[in-house]
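First the structure, in the form of structure tokens, and then the observations on it.
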Amino acid sequence: MRDWWITVGPRPAPRFRVVAFPHAGGWPSAFRSWAPFLPPDVELVVAQLPGRGARITERPLTRVEPLVDALGAALAELPELPYAVVGHSFGSVLAYELTRTMEHKGLAPELLAVSARQPPCFPAEPPFAHLRSDTELVEHLLDIGGMTPRLLDRDDLVRLSLRAIRADLEAMEHHERPLSGTGVPILALGAVDDPVVVAERLHLWSLETTGGFRRLMFPGGHFYLYEPAPAAAVVHRLVAGRPGAPHAGTPYGGRVPRASGRPVSVPGGGSKHLLKETS
């Protein structure tokens, strides 16, 4: 069951856990850029879905429900720690549904962060991306930075990558908004220049929680979350309320406060990198 989760940068005595979901077709290595920003008492576990990573030979699943059922069962087997959940793009759908599942198990996270994905009150509509031809899908991935041009020389890797991406897109495009949301606070994340997601829709993630809500916006396109400055800022938000933190409880304290709308400096990013904070 633990094959569903890969630990990035294991910690000898963790006191907090970040549970992460990469984008459609993404491998656990997508979050490797986060490792330098994790405090020594925080471990990072990343979902490894069938059809990628060490499970490359397995057939990918094309629906959210069986994925979340397996991921939730495997997560419940890990040593119990307070934790936060973060998902990027398609990973946001899994992160949201996993949060609801773990909440029903009595194992809710402290915070849910959803990145680069419109809220489920905006369902996917035809024409569906998972039905595009291989050529059309590759062109789209190149346009948004989801595939490097040098990968095109490896037909074997492209074929396997498209299989996983197409399966995840099908799962995402068939996902329906649940009848009830979550009581876990939500942090909605996005890029002001994302060519895929309408930035102004992100604030409607507030409809999915009875807890607090905050929205943070960055530059950097659809895959901004893996860049150093946004990664540092988001890690800081996710772990700031952990037990033993210098100001434990103040950034979200289990309930994310409404934001003031002021610019906030990215930790480690200097004045050059700013994010916009809104409610």
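Labels used: A, B, ... for chains in the order of the structure tokens, numbers from 1 for residues in each chain, and numbers from 1 for ligands as shown.
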Residue neighbourhood region 160-171 of chain A, 6 Å, only C-alpha atoms, exclusion window fewer than 2 positions, as a short mmCIF file (atom, residue, chain, number, x, y, z; two decimals) with all heavy atoms, in the first residue's frame:
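Output below, filename result-v9.cif:
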```cif
data_model
loop_
_atom_site.label_atom_id
_atom_site.label_comp_id
_atom_site.auth_asym_id
_atom_site.auth_seq_id
_atom_site.Cartn_x
_atom_site.Cartn_y
_atom_site.Cartn_z
N ALA A 24 -1.30 16.50 -13.78
CA ALA A 24 -1.69 15.35 -14.60
C ALA A 24 -0.45 14.71 -15.22
O ALA A 24 0.34 15.38 -15.89
CB ALA A 24 -2.66 15.79 -15.70
N GLY A 25 -0.30 13.42 -15.00
CA GLY A 25 0.86 12.70 -15.52
C GLY A 25 2.12 12.91 -14.72
O GLY A 25 3.16 12.34 -15.06
N GLY A 51 1.21 4.01 -13.44
CA GLY A 51 1.58 4.50 -14.76
C GLY A 51 2.68 5.52 -14.76
O GLY A 51 2.97 6.12 -15.81
N PRO A 60 -2.78 3.11 -15.84
CA PRO A 60 -3.33 4.24 -15.09
C PRO A 60 -4.84 4.13 -14.89
O PRO A 60 -5.54 3.53 -15.72
CB PRO A 60 -3.00 5.46 -15.98
CG PRO A 60 -1.95 4.98 -16.92
CD PRO A 60 -2.19 3.53 -17.12
N THR A 62 -8.62 5.90 -14.51
CA THR A 62 -9.24 7.02 -15.21
C THR A 62 -10.42 7.63 -14.46
O THR A 62 -11.21 8.37 -15.04
CB THR A 62 -9.73 6.56 -16.61
OG1 THR A 62 -10.66 5.48 -16.45
CG2 THR A 62 -8.55 6.11 -17.47
N ARG A 63 -10.53 7.33 -13.17
CA ARG A 63 -11.57 7.93 -12.36
C ARG A 63 -10.98 8.34 -11.01
O ARG A 63 -10.06 7.69 -10.49
CB ARG A 63 -12.74 6.97 -12.14
CG ARG A 63 -13.56 6.68 -13.39
CD ARG A 63 -14.24 7.93 -13.94
NE ARG A 63 -15.10 7.66 -15.09
CZ ARG A 63 -14.70 7.69 -16.36
NH1 ARG A 63 -13.41 7.97 -16.63
NH2 ARG A 63 -15.53 7.48 -17.34
N VAL A 64 -11.52 9.38 -10.44
CA VAL A 64 -11.00 9.94 -9.19
C VAL A 64 -11.29 9.00 -8.02
O VAL A 64 -10.43 8.81 -7.15
CB VAL A 64 -11.62 11.33 -8.94
CG1 VAL A 64 -11.34 11.79 -7.51
CG2 VAL A 64 -11.07 12.34 -9.94
N HIS A 130 -8.81 15.05 -22.83
CA HIS A 130 -8.30 13.68 -22.89
C HIS A 130 -8.65 13.00 -24.21
O HIS A 130 -8.10 11.95 -24.54
CB HIS A 130 -8.83 12.85 -21.71
CG HIS A 130 -10.24 12.38 -21.84
ND1 HIS A 130 -11.32 13.14 -21.44
CD2 HIS A 130 -10.77 11.21 -22.32
CE1 HIS A 130 -12.44 12.47 -21.65
NE2 HIS A 130 -12.14 11.29 -22.18
N LEU A 157 9.20 7.40 -24.16
CA LEU A 157 8.82 8.22 -23.00
C LEU A 157 7.58 9.05 -23.30
O LEU A 157 6.71 9.23 -22.43
CB LEU A 157 9.98 9.12 -22.59
CG LEU A 157 11.20 8.41 -22.00
CD1 LEU A 157 12.28 9.43 -21.64
CD2 LEU A 157 10.81 7.60 -20.77
N VAL A 158 7.49 9.58 -24.51
CA VAL A 158 6.32 10.38 -24.88
C VAL A 158 5.07 9.52 -24.81
O VAL A 158 4.03 9.94 -24.28
CB VAL A 158 6.49 10.98 -26.30
CG1 VAL A 158 5.18 11.60 -26.77
CG2 VAL A 158 7.59 12.03 -26.30
N GLU A 173 -11.80 15.38 -15.86
CA GLU A 173 -12.92 15.89 -16.65
C GLU A 173 -14.23 15.17 -16.35
O GLU A 173 -15.30 15.67 -16.70
CB GLU A 173 -12.55 15.82 -18.13
CG GLU A 173 -11.47 16.83 -18.49
CD GLU A 173 -10.84 16.63 -19.85
OE1 GLU A 173 -11.06 15.58 -20.48
OE2 GLU A 173 -10.09 17.54 -20.29
N HIS A 174 -14.16 14.03 -15.67
CA HIS A 174 -15.37 13.33 -15.25
C HIS A 174 -15.68 13.56 -13.77
O HIS A 174 -16.68 13.04 -13.27
CB HIS A 174 -15.24 11.82 -15.51
CG HIS A 174 -15.48 11.44 -16.94
ND1 HIS A 174 -14.48 11.44 -17.88
CD2 HIS A 174 -16.61 11.09 -17.60
CE1 HIS A 174 -14.98 11.08 -19.06
NE2 HIS A 174 -16.27 10.87 -18.91
#
```
For this session: Would you return as a list in words the members of region 98-177 of chain A that DSSP assigns to strand (DSSP E or B) on this structure's backbone?
Result: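 Residues meeting the strand (DSSP E or B) criterion: Leu111, Leu112, Ala113, Val114 and Ser115 of chain A.
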Just the selected residues (all heavy atoms), exported as an mmCIF file, in the first residue's frame, please.
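Wrote it out as again09.cif, contents follow:
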```cif
data_model
loop_
_atom_site.group_PDB
_atom_site.id
_atom_site.type_symbol
_atom_site.label_atom_id
_atom_site.label_comp_id
_atom_site.auth_asym_id
_atom_site.auth_seq_id
_atom_site.Cartn_x
_atom_site.Cartn_y
_atom_site.Cartn_z
ATOM 1 N N LEU A 111 -4.796 21.807 6.859
ATOM 2 C CA LEU A 111 -4.966 22.784 5.789
ATOM 3 C C LEU A 111 -4.975 22.069 4.448
ATOM 4 O O LEU A 111 -4.245 21.094 4.257
ATOM 5 C CB LEU A 111 -3.819 23.811 5.827
ATOM 6 C CG LEU A 111 -3.803 24.917 4.775
ATOM 7 C CD1 LEU A 111 -4.974 25.876 4.973
ATOM 8 C CD2 LEU A 111 -2.495 25.678 4.813
ATOM 9 N N LEU A 112 -5.777 22.559 3.526
ATOM 10 C CA LEU A 112 -5.806 22.070 2.141
ATOM 11 C C LEU A 112 -5.399 23.212 1.223
ATOM 12 O O LEU A 112 -6.012 24.283 1.244
ATOM 13 C CB LEU A 112 -7.205 21.590 1.775
ATOM 14 C CG LEU A 112 -7.496 21.375 0.279
ATOM 15 C CD1 LEU A 112 -6.604 20.279 -0.300
ATOM 16 C CD2 LEU A 112 -8.971 21.059 0.062
ATOM 17 N N ALA A 113 -4.364 22.994 0.424
ATOM 18 C CA ALA A 113 -3.930 23.974 -0.576
ATOM 19 C C ALA A 113 -4.207 23.422 -1.957
ATOM 20 O O ALA A 113 -3.770 22.313 -2.294
ATOM 21 C CB ALA A 113 -2.443 24.288 -0.416
ATOM 22 N N VAL A 114 -4.941 24.178 -2.757
ATOM 23 C CA VAL A 114 -5.288 23.771 -4.122
ATOM 24 C C VAL A 114 -4.671 24.771 -5.088
ATOM 25 O O VAL A 114 -4.821 25.975 -4.944
ATOM 26 C CB VAL A 114 -6.817 23.690 -4.303
ATOM 27 C CG1 VAL A 114 -7.362 22.478 -3.576
ATOM 28 C CG2 VAL A 114 -7.519 24.943 -3.804
ATOM 29 N N SER A 115 -3.969 24.261 -6.087
ATOM 30 C CA SER A 115 -3.172 25.111 -6.968
ATOM 31 C C SER A 115 -3.534 24.878 -8.426
ATOM 32 O O SER A 115 -3.668 23.731 -8.873
ATOM 33 C CB SER A 115 -1.683 24.809 -6.747
ATOM 34 O OG SER A 115 -0.880 25.390 -7.750
#
```
For this session: Identify, with DSSP run on backbone atoms, the residues in region 91-234 of chain A assigned to alpha helix (DSSP H), and express the list as JSON, numbers by chain.
Result: {"A": [91, 92, 93, 94, 95, 96, 97, 98, 99, 100, 101, 102, 103, 104, 134, 135, 136, 137, 138, 139, 140, 141, 142, 143, 144, 155, 156, 157, 158, 159, 160, 161, 162, 163, 164, 165, 166, 167, 168, 169, 170, 171, 172, 173, 228, 229, 230, 231, 232, 233, 234]}
Exercise. Counting only C-alpha atoms, which of A:Asp156, A:Asp3, A:Glu227, A:Glu176 gets nearest to Glu97 (chain A)?
Worked result: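 Going through A:Asp156, A:Asp3, A:Glu227, A:Glu176 one by one, the smallest distance to Glu97 (chain A) is for A:Glu176.
Across A:Thr210, A:Thr182, A:Ser29, A:Thr7, the tightest approach to Ala95 (chain A) is made by A:Thr182 when counting only C-alpha atoms.
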Problem set entry | Residue contacts of Val234 (chain A) (10 Å, only C-alpha atoms) excluding same-chain residues fewer than 3 positions away, as a list in words |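 Listed by chain and then number, they are Trp34, Phe37, Val86, Ala113, Leu187, Leu189, Leu216, Leu225, Ala229, Pro230, Ala231, Arg237, Leu238, Val239, Ala240, Val266 and Pro267 of chain A.
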Exercise. If we count only C-alpha atoms, what is near Pro14 (chain A) at a cut-off of 9 Å, once residues fewer than 6 positions away on the same chain are taken out, given as a PyMOL selection string?
Worked result: chain A and resi 40-43+81
